[in-house]
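Enquirer: Below is model20.pdb; it holds PDB, C-alpha atoms and all ligand atoms.
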ATOM      1  CA  MET A  20     -37.173 -15.505  -4.120
ATOM      2  CA  SER A  21     -39.367 -14.541  -1.180
ATOM      3  CA  CYS A  22     -38.484 -15.889   2.237
ATOM      4  CA  GLY A  23     -41.858 -17.170   3.438
ATOM      5  CA  PHE A  24     -42.220 -19.935   5.999
ATOM      6  CA  ASP A  25     -43.763 -22.481   3.668
ATOM      7  CA  LEU A  26     -42.773 -25.780   2.074
ATOM      8  CA  GLY A  27     -41.899 -24.056  -1.210
ATOM      9  CA  HIS A  28     -39.226 -21.963   0.443
ATOM     10  CA  TYR A  29     -38.119 -24.859   2.628
ATOM     11  CA  ARG A  30     -37.305 -26.751  -0.580
ATOM     12  CA  GLU A  31     -35.387 -23.694  -1.799
ATOM     13  CA  LEU A  32     -33.463 -23.590   1.470
ATOM     14  CA  LEU A  33     -32.422 -27.227   1.000
ATOM     15  CA  GLU A  34     -31.430 -26.558  -2.612
ATOM     16  CA  ALA A  35     -29.421 -23.508  -1.487
ATOM     17  CA  ALA A  36     -27.513 -25.695   0.973
ATOM     18  CA  LYS A  37     -26.796 -28.196  -1.779
ATOM     19  CA  SER A  38     -25.577 -25.543  -4.199
ATOM     20  CA  GLY A  39     -23.393 -24.120  -1.421
ATOM     21  CA  GLY A  40     -21.703 -27.508  -1.276
ATOM     22  CA  TYR A  41     -22.876 -28.531   2.204
ATOM     23  CA  ARG A  42     -23.238 -32.128   3.327
ATOM     24  CA  TRP A  43     -25.905 -33.346   5.773
ATOM     25  CA  ALA A  44     -24.540 -34.245   9.167
ATOM     26  CA  GLY A  45     -25.759 -35.324  12.590
ATOM     27  CA  PHE A  46     -24.689 -34.998  16.208
ATOM     28  CA  ASP A  47     -22.671 -38.224  16.420
ATOM     29  CA  ARG A  48     -19.319 -36.541  15.759
ATOM     30  CA  PRO A  49     -17.920 -33.012  16.035
ATOM     31  CA  PRO A  50     -18.901 -30.787  13.105
ATOM     32  CA  GLU A  51     -16.450 -30.460  10.243
ATOM     33  CA  ALA A  52     -16.078 -27.803   7.558
ATOM     34  CA  GLY A  53     -18.926 -28.183   5.040
ATOM     35  CA  ASP A  54     -21.347 -29.841   7.480
ATOM     36  CA  LEU A  55     -24.985 -28.804   7.717
ATOM     37  CA  LEU A  56     -26.534 -30.122  10.917
ATOM     38  CA  LEU A  57     -30.228 -29.900  10.273
ATOM     39  CA  ARG A  58     -32.088 -30.026  13.590
ATOM     40  CA  HIS A  59     -35.835 -30.079  14.219
ATOM     41  CA  ASP A  60     -37.429 -29.501  17.600
ATOM     42  CA  VAL A  61     -40.893 -31.037  17.353
ATOM     43  CA  ASP A  62     -43.007 -29.002  19.769
ATOM     44  CA  LEU A  63     -46.548 -29.633  18.560
ATOM     45  CA  SER A  64     -47.087 -32.036  15.708
ATOM     46  CA  LEU A  65     -45.665 -35.379  14.598
ATOM     47  CA  ALA A  66     -47.742 -35.064  11.415
ATOM     48  CA  ALA A  67     -45.855 -31.862  10.575
ATOM     49  CA  ALA A  68     -42.548 -33.618  11.294
ATOM     50  CA  VAL A  69     -43.388 -36.438   8.898
ATOM     51  CA  ALA A  70     -44.566 -33.976   6.220
ATOM     52  CA  LEU A  71     -41.289 -32.056   6.443
ATOM     53  CA  ALA A  72     -39.270 -35.277   6.434
ATOM     54  CA  GLU A  73     -40.969 -36.287   3.163
ATOM     55  CA  VAL A  74     -39.860 -32.984   1.603
ATOM     56  CA  GLU A  75     -36.304 -33.530   2.821
ATOM     57  CA  ALA A  76     -36.174 -37.080   1.486
ATOM     58  CA  GLU A  77     -37.331 -35.860  -1.948
ATOM     59  CA  ALA A  78     -34.447 -33.369  -1.887
ATOM     60  CA  GLY A  79     -31.938 -36.013  -0.815
ATOM     61  CA  ALA A  80     -31.606 -34.438   2.637
ATOM     62  CA  TRP A  81     -31.848 -35.889   6.146
ATOM     63  CA  SER A  82     -31.917 -34.429   9.616
ATOM     64  CA  THR A  83     -32.141 -35.106  13.340
ATOM     65  CA  TRP A  84     -35.611 -35.011  14.912
ATOM     66  CA  PHE A  85     -35.782 -33.960  18.565
ATOM     67  CA  LEU A  86     -38.947 -35.475  19.990
ATOM     68  CA  MET A  87     -40.684 -34.806  23.302
ATOM     69  CA  THR A  88     -41.721 -37.451  25.820
ATOM     70  CA  ARG A  89     -43.692 -34.980  27.943
ATOM     71  CA  SER A  90     -45.585 -33.037  25.317
ATOM     72  CA  VAL A  91     -49.183 -32.048  25.959
ATOM     73  CA  PHE A  92     -49.694 -32.065  22.187
ATOM     74  CA  TYR A  93     -48.579 -35.534  21.099
ATOM     75  CA  ASN A  94     -47.868 -38.997  22.484
ATOM     76  CA  LEU A  95     -44.878 -40.974  21.210
ATOM     77  CA  GLY A  96     -46.243 -44.099  22.876
ATOM     78  CA  SER A  97     -49.509 -44.056  20.897
ATOM     79  CA  ALA A  98     -49.878 -46.114  17.725
ATOM     80  CA  GLU A  99     -49.780 -42.849  15.798
ATOM     81  CA  GLY A 100     -46.592 -41.804  17.611
ATOM     82  CA  GLU A 101     -44.857 -45.099  16.891
ATOM     83  CA  ARG A 102     -45.885 -44.909  13.221
ATOM     84  CA  ALA A 103     -44.500 -41.378  12.956
ATOM     85  CA  VAL A 104     -41.144 -42.329  14.492
ATOM     86  CA  GLY A 105     -40.929 -45.325  12.168
ATOM     87  CA  ARG A 106     -41.584 -43.146   9.153
ATOM     88  CA  LEU A 107     -38.999 -40.539  10.227
ATOM     89  CA  ARG A 108     -36.412 -43.322  10.484
ATOM     90  CA  GLU A 109     -37.469 -44.824   7.131
ATOM     91  CA  LEU A 110     -36.871 -41.458   5.511
ATOM     92  CA  GLY A 111     -33.315 -41.407   6.846
ATOM     93  CA  GLY A 112     -33.923 -39.278   9.921
ATOM     94  CA  ARG A 113     -32.213 -39.689  13.272
ATOM     95  CA  ILE A 114     -34.141 -39.476  16.520
ATOM     96  CA  ALA A 115     -32.980 -37.467  19.541
ATOM     97  CA  HIS A 116     -34.655 -35.983  22.600
ATOM     98  CA  HIS A 117     -36.427 -32.639  23.055
ATOM     99  CA  ALA A 118     -36.475 -32.499  26.831
ATOM    100  CA  VAL A 119     -38.362 -30.331  29.298
ATOM    101  CA  TRP A 120     -35.941 -29.168  31.988
ATOM    102  CA  PRO A 121     -34.912 -30.775  34.286
ATOM    103  CA  ASP A 122     -36.213 -34.148  33.032
ATOM    104  CA  VAL A 123     -34.176 -36.144  30.542
ATOM    105  CA  ASP A 124     -35.988 -39.306  29.412
ATOM    106  CA  LEU A 125     -33.375 -40.857  27.150
ATOM    107  CA  ASP A 126     -34.233 -44.458  26.332
ATOM    108  CA  GLU A 127     -33.504 -46.852  23.466
ATOM    109  CA  ARG A 128     -35.642 -44.780  21.092
ATOM    110  CA  PHE A 129     -33.174 -41.895  21.167
ATOM    111  CA  GLU A 130     -29.597 -41.070  20.328
ATOM    112  CA  PRO A 131     -27.931 -39.642  23.465
ATOM    113  CA  VAL A 132     -28.437 -36.079  22.276
ATOM    114  CA  VAL A 133     -30.665 -33.492  23.970
ATOM    115  CA  ALA A 134     -32.161 -30.139  22.986
ATOM    116  CA  TRP A 135     -33.996 -28.385  25.813
ATOM    117  CA  HIS A 136     -37.491 -27.062  25.078
ATOM    118  CA  ASN A 137     -37.769 -23.301  25.745
ATOM    119  CA  PRO A 138     -34.538 -23.235  27.754
ATOM    120  CA  GLU A 139     -33.670 -20.597  30.332
ATOM    121  CA  PRO A 140     -30.275 -18.871  30.123
ATOM    122  CA  GLU A 141     -29.102 -20.543  33.380
ATOM    123  CA  TYR A 142     -28.853 -24.009  31.827
ATOM    124  CA  VAL A 143     -29.166 -23.684  28.043
ATOM    125  CA  PHE A 144     -25.423 -24.025  27.404
ATOM    126  CA  GLU A 145     -24.615 -26.330  30.352
ATOM    127  CA  PRO A 146     -23.366 -29.911  29.913
ATOM    128  CA  ILE A 147     -25.927 -32.693  30.502
ATOM    129  CA  PRO A 148     -24.727 -35.846  32.312
ATOM    130  CA  GLY A 149     -24.954 -38.839  29.996
ATOM    131  CA  ALA A 150     -25.988 -36.833  26.954
ATOM    132  CA  GLN A 151     -24.714 -34.293  24.474
ATOM    133  CA  ASN A 152     -26.363 -30.865  24.758
ATOM    134  CA  VAL A 153     -26.825 -29.522  21.202
ATOM    135  CA  MET A 154     -26.283 -26.012  22.562
ATOM    136  CA  ALA A 155     -22.852 -26.874  23.981
ATOM    137  CA  ALA A 156     -19.443 -27.393  22.373
ATOM    138  CA  PRO A 157     -18.597 -28.699  19.848
ATOM    139  CA  PHE A 158     -22.031 -28.248  18.249
ATOM    140  CA  PHE A 159     -22.843 -24.702  19.189
ATOM    141  CA  ASP A 160     -21.483 -21.233  18.852
ATOM    142  CA  ARG A 161     -23.281 -18.123  17.671
ATOM    143  CA  ASP A 162     -21.542 -17.919  14.288
ATOM    144  CA  HIS A 163     -22.505 -21.479  13.391
ATOM    145  CA  TYR A 164     -26.152 -21.439  14.448
ATOM    146  CA  ARG A 165     -29.414 -20.200  12.936
ATOM    147  CA  SER A 166     -32.982 -20.722  14.162
ATOM    148  CA  ASP A 167     -36.479 -19.987  12.800
ATOM    149  CA  SER A 168     -38.061 -19.533  16.247
ATOM    150  CA  ASN A 169     -41.517 -17.914  16.100
ATOM    151  CA  GLN A 170     -41.146 -17.305  12.339
ATOM    152  CA  HIS A 171     -38.285 -14.947  12.951
ATOM    153  CA  TRP A 172     -34.704 -15.410  11.733
ATOM    154  CA  ARG A 173     -32.598 -13.223  13.986
ATOM    155  CA  HIS A 174     -30.011 -12.674  11.205
ATOM    156  CA  GLY A 175     -32.360 -12.962   8.234
ATOM    157  CA  CYS A 176     -33.227 -16.076   6.259
ATOM    158  CA  PRO A 177     -29.998 -18.033   5.714
ATOM    159  CA  HIS A 178     -30.744 -19.256   2.177
ATOM    160  CA  GLU A 179     -28.408 -16.777   0.423
ATOM    161  CA  ALA A 180     -25.528 -17.344   2.831
ATOM    162  CA  LEU A 181     -25.983 -21.097   2.425
ATOM    163  CA  ALA A 182     -25.958 -20.845  -1.368
ATOM    164  CA  ARG A 183     -22.734 -18.821  -1.166
ATOM    165  CA  GLY A 184     -21.169 -21.293   1.254
ATOM    166  CA  ASP A 185     -20.600 -18.505   3.789
ATOM    167  CA  PHE A 186     -20.854 -20.694   6.881
ATOM    168  CA  GLU A 187     -17.874 -22.907   7.623
ATOM    169  CA  TRP A 188     -20.493 -25.292   9.057
ATOM    170  CA  LEU A 189     -23.959 -24.650  10.407
ATOM    171  CA  GLN A 190     -26.450 -26.007  12.932
ATOM    172  CA  LEU A 191     -29.819 -25.022  11.465
ATOM    173  CA  LEU A 192     -32.890 -25.339  13.704
ATOM    174  CA  ALA A 193     -36.236 -25.496  11.905
ATOM    175  CA  HIS A 194     -39.559 -26.141  13.666
ATOM    176  CA  PRO A 195     -41.670 -28.299  11.331
ATOM    177  CA  GLU A 196     -45.035 -26.753  12.288
ATOM    178  CA  ILE A 197     -43.856 -23.326  11.099
ATOM    179  CA  TRP A 198     -43.177 -24.593   7.570
ATOM    180  CA  VAL A 199     -45.993 -27.099   7.161
ATOM    181  CA  TYR A 200     -48.968 -25.005   8.310
ATOM    182  CA  ASP A 201     -50.055 -21.852   6.469
ATOM    183  CA  GLY A 202     -49.831 -18.422   8.021
ATOM    184  CA  GLU A 203     -48.118 -15.085   7.552
ATOM    185  CA  THR A 204     -47.612 -14.745  11.291
ATOM    186  CA  MET A 205     -46.968 -17.216  14.070
ATOM    187  CA  GLY A 206     -50.520 -16.613  15.343
ATOM    188  CA  GLU A 207     -52.023 -17.488  11.953
ATOM    189  CA  THR A 208     -49.791 -20.533  11.594
ATOM    190  CA  MET A 209     -50.793 -21.788  15.034
ATOM    191  CA  ARG A 210     -54.454 -21.422  14.122
ATOM    192  CA  SER A 211     -53.856 -23.455  10.936
ATOM    193  CA  PHE A 212     -52.197 -26.099  13.089
ATOM    194  CA  LEU A 213     -55.170 -26.122  15.466
ATOM    195  CA  ASP A 214     -57.617 -26.517  12.548
ATOM    196  CA  ALA A 215     -55.646 -29.529  11.249
ATOM    197  CA  ASP A 216     -55.331 -30.944  14.752
ATOM    198  CA  ARG A 217     -59.080 -30.665  15.306
ATOM    199  CA  ASP A 218     -59.736 -32.639  12.113
ATOM    200  CA  ALA A 219     -57.213 -35.288  13.171
ATOM    201  CA  ARG A 220     -58.843 -35.572  16.605
ATOM    202  CA  LEU A 221     -62.285 -35.956  15.055
ATOM    203  CA  GLU A 222     -60.822 -38.872  13.104
ATOM    204  CA  HIS A 223     -59.471 -40.383  16.358
ATOM    205  CA  LEU A 224     -62.956 -40.069  17.886
ATOM    206  CA  ARG A 225     -64.435 -41.962  14.920
ATOM    207  CA  GLU A 226     -61.782 -44.685  15.283
ATOM    208  CA  ASP A 227     -62.727 -44.911  18.966
ATOM    209  CA  ARG A 228     -66.314 -45.611  17.816
ATOM    210  CA  ILE A 229     -67.637 -42.407  19.312
ATOM    211  CA  GLU A 230     -70.959 -41.474  17.720
ATOM    212  CA  LEU A 231     -70.593 -38.049  16.213
ATOM    213  CA  GLU A 232     -73.932 -37.652  14.415
TER     214      GLU A 232
HETATM  215 ZN    ZN A 301     -34.879 -17.285   2.290
HETATM  216 ZN    ZN A 302     -39.311 -26.774  21.787
END
Kindly return the structure encoded in the file as structure tokens.

Expert:
Amino acid sequence: MSCGFDLGHYRELLEAAKSGGYRWAGFDRPPEAGDLLLRHDVDLSLAAAVALAEVEAEAGAWSTWFLMTRSVFYNLGSAEGERAVGRLRELGGRIAHHAVWPDVDLDERFEPVVAWHNPEPEYVFEPIPGAQNVMAAPFFDRDHYRSDSNQHWRHGCPHEALARGDFEWLQLLAHPEIWVYDGETMGETMRSFLDADRDARLEHLREDRIELE
């Protein structure tokens, strides 16, 4: 099994978690032994989030989607944004907030759970008034956390450890764009994302009755 950042290996990761005996869990109660808290910070693309959610649903998995209200890349208030959130919910996903410090925009769309985008060490682990910080107790400590940031697992891909049931419980952060768009490196993957985004924006221009000929 090769540990690429693609949908094939994402499916294998989910299967590994199942064979390790883990159960899917969210951030509504403290983690228990055997829980896998699958977390997604959606930085760039709701389309990638929905694509990954479809893969999870096929595997019988679900997760918590942390969505931005201040992204320069997507708009939750657009028709497309509302459709994407609806589809994530339909597929069994939960919706929480990926916030840009210091602004927390929790409203009725979100569970009261926050993951900071690109946090600085000064506040990453600090409590947040009125919300649960995913990087604070009881949801975070170093032994129960793995992240795919920039296509780099700091402790190696966790699929083998999951299959063996090595983690008592785990918060696993996966960025959907990394798995959905092709690329051996983060730079290549980002260029694949930009190609797809350009096509999607051309489609929006057509829908806006912009003449493109
Ligand atoms: Zn792997
Ligand atoms: Zn982020």

Enquirer: Identify, counting all atoms listed in the file, the protein, DNA and RNA residues located within 10 Å of ligand ZN 302 (chain A), and give them as a PyMOL selection string.

Expert: chain A and resi 59-63+85-87+90+117-119+134-138+168+194

Enquirer: Written as an MDAnalysis selection string, which residues does the PyMOL selection byres (((chain A and resi 161) around 12) and not hetatm) give for the file shown?

Expert: chainID A and resid 144 154:160 162:166 173:174 186 188:191

Enquirer: Using all atoms listed in the file, which residues sit within 8 Å of segment 71-77 of chain A once same-chain residues fewer than 5 positions away are excluded, as a tab-separated table (two decimals) with C-alpha atoms, in the coordinates of the input?

Expert:
chain	number	residue	atom	x	y	z
A	26	LEU	CA	-42.77	-25.78	2.07
A	30	ARG	CA	-37.30	-26.75	-0.58
A	33	LEU	CA	-32.42	-27.23	1.00
A	107	LEU	CA	-39.00	-40.54	10.23
A	110	LEU	CA	-36.87	-41.46	5.51
A	111	GLY	CA	-33.32	-41.41	6.85
A	112	GLY	CA	-33.92	-39.28	9.92
A	195	PRO	CA	-41.67	-28.30	11.33
A	198	TRP	CA	-43.18	-24.59	7.57
A	199	VAL	CA	-45.99	-27.10	7.16

Enquirer: Work out how far apart atom CA of Gly202 of chain A and atom CA of His178 of chain A are and give it in Å to one decimal.

Expert: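 Atom-to-atom, atom CA of Gly202 of chain A to atom CA of His178 of chain A, that is 20.0 Å.
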
Enquirer: Within 8 Å of ligand ZN 301 (chain A) (counting only C-alpha atoms and all ligand atoms), which residues show up? I'd like them as a ChimeraX atom specification.

Expert: /A:20-23,28,31-32,175-179

Enquirer: Name all residues at most 12 Å from Asp54 of chain A (count only C-alpha atoms; drop same-chain ones fewer than 3 positions away) and give them as number ranges by chain.

Expert: A: 36-37, 39-46, 48-51, 57, 82, 158, 163-164, 181, 184-191

Enquirer: Which residues would end up in the selection if the PyMOL selection byres (((chain A and resi 219-229) around 12) and not hetatm) were applied here, given that I need the answer as a list in words?

Expert: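 This file, filtered by the PyMOL selection byres (((chain A and resi 219-229) around 12) and not hetatm), leaves Ser64, Leu65, Ala66, Phe92, Tyr93, Ser97, Ala98, Glu99, Phe212, Leu213, Asp214, Ala215, Asp216, Arg217, Asp218, Glu230, Leu231 and Glu232 of chain A.
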
Enquirer: What does the distance from atom CA of Val123 of chain A to atom CA of Pro140 of chain A come to in Å, to one decimal?

Expert: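 One can read the atom CA of Val123 of chain A to atom CA of Pro140 of chain A distance as 17.7 Å.
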